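Student: Quick one: structure below, then a few questions.
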Amino acid sequence: MNSALLVILLVTLFALFLGVRARRGRDMNLEQWTVGGRSFGTAFVFLLMAGEIYTTFTFLGGSGFAYGKGAAVFYILAYGALAYIISYWLLPPIWRFAKREHLVSQPHYFARKYNSPALGVLVGIVGVIALIPYLVLQFKGLGIIVETASYGSISSTAAIWIGAVVVAAYVMASGVRGSAWNAVVKDTLILAMVIFLGIYLPIHYYGSLGSMFHAIDQAKPGFLKFSDKGTSVVWFQSTVLLTSLGFFMWPHTFGSLYTAKDERIFRRNAVMLPIYQLILLFVFFVGFAAVLKVPGLKGGDIDLSLFKLSIQTFDPWFIGVIGAAGVLTALVPGSMILMSASTLLANDIYRGGIAHGASDEAINRLARFLVPVVALVAVGFTLKGGSTIVALLLMGYNFVTQLFPAVICSVAKNNKVTKQGAFCGILVGVLAVVGISLTHSTIGKLLPFLPESLHDINVGFVALILNVVVTIVVSAMTQPKQGLAQSSRA
Amino acid sequence: MSIRWLAVLPFIGILIGTAFVNEVEPLVLGMPLLLAWLVMWIVLTAVIMAIIYANDPANRAENGNSEANR
């Protein structure tokens with residue numbers, strides 16, 4: 001065993017230890033297990049939310065995207081800031097309602113708010129479908145990290161299995177508390193690592209940040225700005241807008257906001273999280289540093305750019321530290337996702353749709369039992385899926401964005417959207433996403449009469465607009481007779 | 001006009017303003033102009049949200065769970 005692998009192993013064991021230990025002294029009922037008894041302060045909620053935001057997609061995908069696509073990567077930096085602005089006003093009313101109604105999940109919110117169990121089941125199904133590819137992505141990242149950091153001595157298949165077992169074990173043992181403690185360790189490590197690499201690598205290889213960007217601009221003109229076609233300005237604008245709307249609609253993000261102790265936490269986080277977002281800059285710098293130093297990575301291999309450059313630069317033990325940080329960025333969000341998916345299946349789809357009378361204990365047992373099952377399914381997809389993963393992830397994002405119109409209307413003082421309207425809108429939006437994804441449509445293909453410059457608009461907008469139109473039309477047709485909005489409970 | 005309307009500025013800066021700064025040169029703080037522009041707006045977002053937070057009566061209430069915010 002090399003020193004890199006030893007470091008990764010120790011950190012993984014430590015994560016497992018923290019996760020399992022976190023349950024001590026507390027009874028794990030469903031509310032404790034999923035939302036930590038609604039007792040988390042600013043720091044913990046901050047870390048849980050940041051923990052989901054900084055996943056392997058940012059660590060490996062962010063640097064890889066910078067390496068492969070250049071300026072297009074800047075969209076990741078921009079959409080978070082806009083999402084946090086929205087969160088300042090969006091999250092407190094959701095949290096208030098969730099607390100009053102003792103909600104533990106996202107579909108629960110829809111079911112109570114719109115007074116429609118069927119809507120809850122639909123949202124639960126949308127959530128699970130969107131989460132699976134997200135979990136697959138984390139496992140895939142784990143595989144890459146361990147295989148690369150072990151210099152090939154552990155296959156990525158073995159790494160994926162080990163990772164899945166570790167995640168499933170600590171989710172089953174401690175639920176959300178395990179995730180929060182590991183988020184603390186992970187964020188400290190990743191923060192230090194990313195800032196160090198982002199500063200050291202450009203200076204080590206190019207002398208300074210400025211000379212690095214000069215060199216890249218000379219070698220690849222146009223790489224550092226949006227292009228005229230494809231990843232153009234219009235693509236950037238539409239993608240940033242769309243993803244900032246979907247940001248808090250992920251079931252696990254929605255669920256983690258229930259963990260907060262009071263609503264001011266969200267407003268404070270809206271002030272601090274944009275700054276935290278700047279850590280991404282250093283991730284980009286790593287990817288850009290690799291552009292001229294490890295050229296030639298293509299397709300899915302662009303995600304290896306951070307590791308390839310690091311291996312070329314540092315001793316094995318340090319590769320181990322980077323790898324350990326990477327493993328944690330997969331484990332922490334992985335555990336949140338895994339827990340959300342199993343809670344959705346047990347609480348919202350099984351109890352909400354089939355066994356209405358099931359007790360909390362029964363649901364809690366079922367949710368825990370489903371953890372390894374969901375993990376297994378994700379491992380299956382990870383080992384089988386090839387290049388389709390990215391397509392699946394984008395599909396996941398487009399799925400959850402369909403929930404936004406119903407959520408934003410639900411916090412309005414006078415909500416005119418009816419349960420039928422919300423249900424049909426989400427259903428049509430989701431079906432449109434499926435259609436678009438399966439046929440690989442683009443705006444240019446769907447609406448060829450539009451001017452050329454608009455062809456790069458993110459195609460997810462089509463689904464969202466269809467969703468909004470259907471929501472409005474169906475709501476108008478199903479307004480209650482007295483003209484009184486039925487759900488002004490907020 | 002409420003101070004809350006300041007929150008619109010980052011949307012304008014990031015979504016619309018970006019179209020006018022899609023350039024590499026001049027580098028600002030070592031970063032391409034386009035990137036530096038986005039970074040500036042993220043810092044401004046935090047500043048703006050801090051101003052809004054400080055002026056929001058909901059945050060001055062004794063406990064943060066007051067129903068009477070906004």
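Note on naming: chains are A, B, ... as they come in the structure tokens, residues start from 1 per chain, ligands start from 1 in the order shown.
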Report as a ChimeraX atom specification all protein, DNA and RNA residues lying within 12 Å of segment 2-4 of chain A, evaluated on only C-alpha atoms, omitting residues in the same chain fewer than 3 positions from it.
Tutor: /A:7-11,145-154,311,314-325
Student: Based on only C-alpha atoms, which of the residues in chain A come within 8 Å of chain B? I want them as a VMD selection string.
Tutor: chain A and resid 74 77 to 78 81 to 82 85 96 208 to 211 213 217 224 to 226 233 237 240 to 241 262 to 264 267 to 268 270 to 275 278
Student: With distances taken over only C-alpha atoms, which of A:Leu464, A:Ala215, A:Leu135, A:Ala72 is nearest to Leu331 of chain A?
Tutor: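 Of A:Leu464, A:Ala215, A:Leu135, A:Ala72, the one nearest Leu331 of chain A is A:Leu135, counting only C-alpha atoms.
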Student: Which residues come within 9 Å of Val462 of chain A, counting only C-alpha atoms, excluding same-chain residues fewer than 5 positions away, as a PDB file with C-alpha atoms, in the first residue's frame?
Tutor:
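This went into result.pdb:
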```pdb
ATOM      1  CA  GLY A 429     -42.879  20.052 -17.029  1.00  0.00           C
ATOM      2  CA  ALA A 432     -41.244  17.720 -21.257  1.00  0.00           C
ATOM      3  CA  VAL A 433     -37.835  17.269 -19.607  1.00  0.00           C
ATOM      4  CA  ILE A 436     -36.210  16.809 -24.422  1.00  0.00           C
ATOM      5  CA  ILE A 443     -33.836  25.390 -28.862  1.00  0.00           C
ATOM      6  CA  ASN A 467     -45.096  24.054 -16.768  1.00  0.00           C
TER       7      ASN A 467
END
```
Student: DSSP on the backbone: which residues in segment 180-328 of chain A end up as alpha helix (DSSP H)? Give the answer as a PyMOL selection string.
Tutor: chain A and resi 180-206+209-219+233-246+251-256+264-277+279-293+305-313+316-328
Student: Produce a file of the selected residues containing C-alpha atoms, as an mmCIF file, in the first residue's frame.
Tutor:
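As a result, selection22.cif now contains:
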```
data_model
loop_
_atom_site.group_PDB
_atom_site.id
_atom_site.type_symbol
_atom_site.label_atom_id
_atom_site.label_comp_id
_atom_site.auth_asym_id
_atom_site.auth_seq_id
_atom_site.Cartn_x
_atom_site.Cartn_y
_atom_site.Cartn_z
ATOM 1 C CA ALA A 180 -23.130 17.538 9.639
ATOM 2 C CA TRP A 181 -20.013 16.463 11.535
ATOM 3 C CA ASN A 182 -18.384 15.121 8.453
ATOM 4 C CA ALA A 183 -19.294 18.350 6.695
ATOM 5 C CA VAL A 184 -17.177 20.171 9.272
ATOM 6 C CA VAL A 185 -14.147 17.972 8.613
ATOM 7 C CA LYS A 186 -14.701 17.970 4.879
ATOM 8 C CA ASP A 187 -15.102 21.706 4.504
ATOM 9 C CA THR A 188 -12.008 22.477 6.532
ATOM 10 C CA LEU A 189 -9.948 20.056 4.504
ATOM 11 C CA ILE A 190 -11.351 21.018 1.115
ATOM 12 C CA LEU A 191 -11.051 24.717 1.879
ATOM 13 C CA ALA A 192 -7.381 24.448 2.764
ATOM 14 C CA MET A 193 -6.668 22.121 -0.136
ATOM 15 C CA VAL A 194 -8.416 24.052 -2.871
ATOM 16 C CA ILE A 195 -7.024 27.439 -1.842
ATOM 17 C CA PHE A 196 -3.517 25.998 -1.624
ATOM 18 C CA LEU A 197 -3.692 24.280 -5.019
ATOM 19 C CA GLY A 198 -5.360 27.267 -6.675
ATOM 20 C CA ILE A 199 -2.589 29.601 -5.546
ATOM 21 C CA TYR A 200 0.395 27.244 -5.693
ATOM 22 C CA LEU A 201 -0.116 25.614 -9.094
ATOM 23 C CA PRO A 202 -0.436 28.814 -11.202
ATOM 24 C CA ILE A 203 2.587 30.370 -9.448
ATOM 25 C CA HIS A 204 4.647 27.180 -9.598
ATOM 26 C CA TYR A 205 4.062 26.634 -13.314
ATOM 27 C CA TYR A 206 3.553 30.132 -14.711
ATOM 28 C CA LEU A 209 -1.998 34.161 -12.050
ATOM 29 C CA GLY A 210 -1.817 36.925 -14.666
ATOM 30 C CA SER A 211 0.920 35.254 -16.683
ATOM 31 C CA MET A 212 -1.004 31.990 -16.596
ATOM 32 C CA PHE A 213 -4.094 33.600 -18.120
ATOM 33 C CA HIS A 214 -1.892 35.455 -20.637
ATOM 34 C CA ALA A 215 -0.282 32.196 -21.684
ATOM 35 C CA ILE A 216 -3.644 30.450 -22.062
ATOM 36 C CA ASP A 217 -5.072 33.381 -24.029
ATOM 37 C CA GLN A 218 -2.058 33.260 -26.382
ATOM 38 C CA ALA A 219 -2.228 29.508 -26.891
ATOM 39 C CA VAL A 233 -23.525 34.663 -23.603
ATOM 40 C CA VAL A 234 -27.155 33.640 -24.124
ATOM 41 C CA TRP A 235 -26.310 30.129 -22.979
ATOM 42 C CA PHE A 236 -24.692 31.583 -19.857
ATOM 43 C CA GLN A 237 -27.614 33.878 -19.059
ATOM 44 C CA SER A 238 -30.292 31.224 -19.498
ATOM 45 C CA THR A 239 -28.352 28.508 -17.673
ATOM 46 C CA VAL A 240 -27.548 30.751 -14.712
ATOM 47 C CA LEU A 241 -31.177 31.819 -14.386
ATOM 48 C CA LEU A 242 -32.525 28.290 -14.710
ATOM 49 C CA THR A 243 -30.076 26.685 -12.279
ATOM 50 C CA SER A 244 -30.481 29.451 -9.692
ATOM 51 C CA LEU A 245 -34.220 28.718 -9.643
ATOM 52 C CA GLY A 246 -33.582 24.996 -9.216
ATOM 53 C CA PRO A 251 -35.093 17.280 -2.135
ATOM 54 C CA HIS A 252 -31.984 17.003 0.051
ATOM 55 C CA THR A 253 -31.378 20.767 0.066
ATOM 56 C CA PHE A 254 -35.034 21.378 0.816
ATOM 57 C CA GLY A 255 -34.780 18.823 3.614
ATOM 58 C CA SER A 256 -31.648 20.347 5.134
ATOM 59 C CA ARG A 264 -32.858 34.191 10.821
ATOM 60 C CA ILE A 265 -30.223 31.576 10.031
ATOM 61 C CA PHE A 266 -31.261 31.617 6.381
ATOM 62 C CA ARG A 267 -31.006 35.382 6.108
ATOM 63 C CA ARG A 268 -27.577 35.335 7.709
ATOM 64 C CA ASN A 269 -26.493 32.559 5.345
ATOM 65 C CA ALA A 270 -27.711 34.593 2.378
ATOM 66 C CA VAL A 271 -25.143 37.187 3.402
ATOM 67 C CA MET A 272 -22.267 34.765 3.946
ATOM 68 C CA LEU A 273 -22.705 32.027 1.366
ATOM 69 C CA PRO A 274 -21.937 34.228 -1.671
ATOM 70 C CA ILE A 275 -18.459 34.865 -0.260
ATOM 71 C CA TYR A 276 -18.025 31.158 0.389
ATOM 72 C CA GLN A 277 -18.871 30.703 -3.268
ATOM 73 C CA ILE A 279 -13.708 29.192 -3.178
ATOM 74 C CA LEU A 280 -14.773 27.961 -6.591
ATOM 75 C CA LEU A 281 -12.364 30.473 -8.102
ATOM 76 C CA PHE A 282 -9.436 28.461 -6.825
ATOM 77 C CA VAL A 283 -10.940 25.294 -8.255
ATOM 78 C CA PHE A 284 -11.083 27.029 -11.635
ATOM 79 C CA PHE A 285 -7.454 28.166 -11.317
ATOM 80 C CA VAL A 286 -6.388 24.536 -10.871
ATOM 81 C CA GLY A 287 -8.269 23.511 -13.987
ATOM 82 C CA PHE A 288 -6.827 26.397 -15.991
ATOM 83 C CA ALA A 289 -3.307 25.614 -14.749
ATOM 84 C CA ALA A 290 -3.719 22.107 -16.163
ATOM 85 C CA VAL A 291 -4.737 23.361 -19.627
ATOM 86 C CA LEU A 292 -1.195 23.814 -20.904
ATOM 87 C CA LYS A 293 0.564 21.405 -18.514
ATOM 88 C CA SER A 305 -7.217 17.192 -14.777
ATOM 89 C CA LEU A 306 -6.816 18.177 -11.100
ATOM 90 C CA PHE A 307 -5.328 14.818 -10.187
ATOM 91 C CA LYS A 308 -3.141 14.460 -13.263
ATOM 92 C CA LEU A 309 -1.544 17.839 -12.608
ATOM 93 C CA SER A 310 -1.166 17.123 -8.886
ATOM 94 C CA ILE A 311 0.503 13.765 -9.447
ATOM 95 C CA GLN A 312 2.934 15.485 -11.768
ATOM 96 C CA THR A 313 3.679 18.061 -9.061
ATOM 97 C CA PRO A 316 2.437 10.553 -3.016
ATOM 98 C CA TRP A 317 1.548 11.377 0.611
ATOM 99 C CA PHE A 318 0.228 14.750 -0.513
ATOM 100 C CA ILE A 319 -1.777 13.105 -3.292
ATOM 101 C CA GLY A 320 -3.273 11.134 -0.418
ATOM 102 C CA VAL A 321 -4.358 14.334 1.346
ATOM 103 C CA ILE A 322 -5.936 15.659 -1.852
ATOM 104 C CA GLY A 323 -7.572 12.298 -2.396
ATOM 105 C CA ALA A 324 -8.919 12.269 1.160
ATOM 106 C CA ALA A 325 -10.457 15.713 0.653
ATOM 107 C CA GLY A 326 -11.953 14.397 -2.558
ATOM 108 C CA VAL A 327 -13.350 11.298 -0.869
ATOM 109 C CA LEU A 328 -15.076 13.469 1.718
#
```
Student: For segment 112-128 of chain A, work out the shell of residues within 9 Å, counting only C-alpha atoms and skipping chain neighbours fewer than 3 positions away, then give it as a VMD selection string.
Tutor: chain A and resid 97 101 103 105 to 109 131 to 132 250 to 252 340 to 342 344 to 345 348 to 350 352 to 353 396 399 to 400 403 410 417 to 420 422 to 423 426 to 427 430 486 to 490
Student: Write the residues you've just listed into a file as a short mmCIF file (atom, residue, chain, number, x, y, z; two decimals), in the first residue's frame, and include N, CA and C atoms for each of them.
Tutor:
```
data_model
loop_
_atom_site.label_atom_id
_atom_site.label_comp_id
_atom_site.auth_asym_id
_atom_site.auth_seq_id
_atom_site.Cartn_x
_atom_site.Cartn_y
_atom_site.Cartn_z
N PHE A 97 -43.54 27.22 7.93
CA PHE A 97 -44.62 26.27 7.66
C PHE A 97 -44.19 24.86 8.07
N GLU A 101 -45.98 22.47 10.93
CA GLU A 101 -46.65 21.23 10.51
C GLU A 101 -45.79 19.99 10.77
N LEU A 103 -42.96 18.98 9.41
CA LEU A 103 -42.63 18.31 8.15
C LEU A 103 -41.22 17.73 8.21
N SER A 105 -39.99 16.28 5.07
CA SER A 105 -39.52 16.07 3.70
C SER A 105 -40.13 17.10 2.77
N GLN A 106 -39.60 17.14 1.57
CA GLN A 106 -40.07 18.09 0.57
C GLN A 106 -41.50 17.79 0.08
N PRO A 107 -41.81 16.52 -0.28
CA PRO A 107 -43.18 16.22 -0.75
C PRO A 107 -44.22 16.54 0.31
N HIS A 108 -43.86 16.32 1.57
CA HIS A 108 -44.68 16.67 2.70
C HIS A 108 -45.15 18.12 2.60
N TYR A 109 -44.20 18.98 2.24
CA TYR A 109 -44.49 20.40 2.12
C TYR A 109 -45.57 20.62 1.07
N LEU A 131 -32.62 12.42 -7.82
CA LEU A 131 -31.51 12.16 -6.89
C LEU A 131 -30.60 11.02 -7.34
N ILE A 132 -31.18 10.01 -7.97
CA ILE A 132 -30.36 8.84 -8.32
C ILE A 132 -29.13 9.22 -9.18
N TRP A 250 -33.77 20.90 -4.87
CA TRP A 250 -33.34 19.51 -4.66
C TRP A 250 -33.93 19.02 -3.36
N PRO A 251 -34.45 17.78 -3.35
CA PRO A 251 -35.09 17.28 -2.13
C PRO A 251 -34.17 17.33 -0.92
N HIS A 252 -32.88 17.03 -1.11
CA HIS A 252 -31.98 17.00 0.05
C HIS A 252 -31.66 18.41 0.54
N SER A 340 -32.02 11.32 1.81
CA SER A 340 -33.21 11.94 1.22
C SER A 340 -33.98 10.94 0.37
N ALA A 341 -33.25 10.22 -0.47
CA ALA A 341 -33.92 9.30 -1.38
C ALA A 341 -34.67 8.22 -0.60
N SER A 342 -34.05 7.66 0.47
CA SER A 342 -34.75 6.61 1.18
C SER A 342 -35.92 7.15 2.01
N LEU A 344 -37.72 9.74 1.11
CA LEU A 344 -38.76 10.00 0.11
C LEU A 344 -39.52 8.72 -0.21
N LEU A 345 -38.78 7.64 -0.43
CA LEU A 345 -39.42 6.38 -0.80
C LEU A 345 -40.32 5.87 0.32
N ASP A 348 -42.84 9.29 1.82
CA ASP A 348 -43.69 10.06 0.91
C ASP A 348 -44.32 9.22 -0.18
N ILE A 349 -43.59 8.24 -0.68
CA ILE A 349 -44.19 7.43 -1.73
C ILE A 349 -44.93 6.25 -1.11
N TYR A 350 -44.29 5.54 -0.15
CA TYR A 350 -44.95 4.39 0.47
C TYR A 350 -46.10 4.83 1.39
N GLY A 352 -47.32 7.98 1.85
CA GLY A 352 -48.18 8.96 1.20
C GLY A 352 -49.09 8.35 0.16
N GLY A 353 -48.61 7.31 -0.53
CA GLY A 353 -49.39 6.78 -1.63
C GLY A 353 -50.04 5.44 -1.38
N GLY A 396 -31.61 15.67 -14.11
CA GLY A 396 -31.98 15.82 -12.71
C GLY A 396 -32.22 17.28 -12.34
N PHE A 399 -35.36 18.45 -13.81
CA PHE A 399 -36.49 17.89 -13.07
C PHE A 399 -36.85 18.76 -11.87
N VAL A 400 -35.86 19.01 -11.00
CA VAL A 400 -36.19 19.70 -9.75
C VAL A 400 -36.61 21.14 -10.00
N LEU A 403 -40.26 22.15 -9.90
CA LEU A 403 -40.98 22.35 -8.65
C LEU A 403 -41.04 23.82 -8.26
N SER A 410 -46.57 29.18 -3.54
CA SER A 410 -47.09 28.73 -2.26
C SER A 410 -46.70 29.66 -1.12
N VAL A 417 -52.77 29.45 -7.18
CA VAL A 417 -52.53 28.14 -7.80
C VAL A 417 -53.27 27.07 -7.01
N THR A 418 -54.03 26.23 -7.72
CA THR A 418 -54.77 25.16 -7.06
C THR A 418 -53.95 23.88 -7.07
N LYS A 419 -54.40 22.88 -6.30
CA LYS A 419 -53.65 21.63 -6.27
C LYS A 419 -53.65 20.97 -7.65
N GLN A 420 -54.76 21.11 -8.36
CA GLN A 420 -54.81 20.53 -9.71
C GLN A 420 -53.81 21.25 -10.63
N ALA A 422 -51.04 22.89 -9.76
CA ALA A 422 -49.66 22.54 -9.42
C ALA A 422 -49.33 21.15 -9.93
N PHE A 423 -50.26 20.21 -9.73
CA PHE A 423 -50.03 18.82 -10.13
C PHE A 423 -49.80 18.72 -11.64
N ILE A 426 -46.45 20.51 -12.85
CA ILE A 426 -45.24 19.74 -12.57
C ILE A 426 -45.16 18.53 -13.49
N LEU A 427 -46.30 17.85 -13.64
CA LEU A 427 -46.32 16.65 -14.48
C LEU A 427 -45.91 16.97 -15.92
N VAL A 430 -42.20 17.91 -16.14
CA VAL A 430 -41.32 16.75 -16.02
C VAL A 430 -41.34 15.90 -17.30
N GLN A 486 -57.77 28.85 -1.55
CA GLN A 486 -57.93 27.83 -0.52
C GLN A 486 -56.70 27.67 0.36
N SER A 487 -55.60 28.13 -0.11
CA SER A 487 -54.40 27.87 0.69
C SER A 487 -53.66 29.15 1.02
N SER A 488 -54.29 29.99 1.81
CA SER A 488 -53.59 31.20 2.23
C SER A 488 -53.09 31.01 3.66
N ARG A 489 -52.59 29.81 3.92
CA ARG A 489 -52.22 29.48 5.29
C ARG A 489 -50.85 30.02 5.69
N ALA A 490 -50.09 30.46 4.73
CA ALA A 490 -48.72 30.88 5.05
C ALA A 490 -48.73 32.08 5.96
#
```
Student: Tell me, in Å to one decimal, how far atom CA of Ser87 of chain A is from atom CA of Leu9 of chain B.
Tutor: 15.7 Å
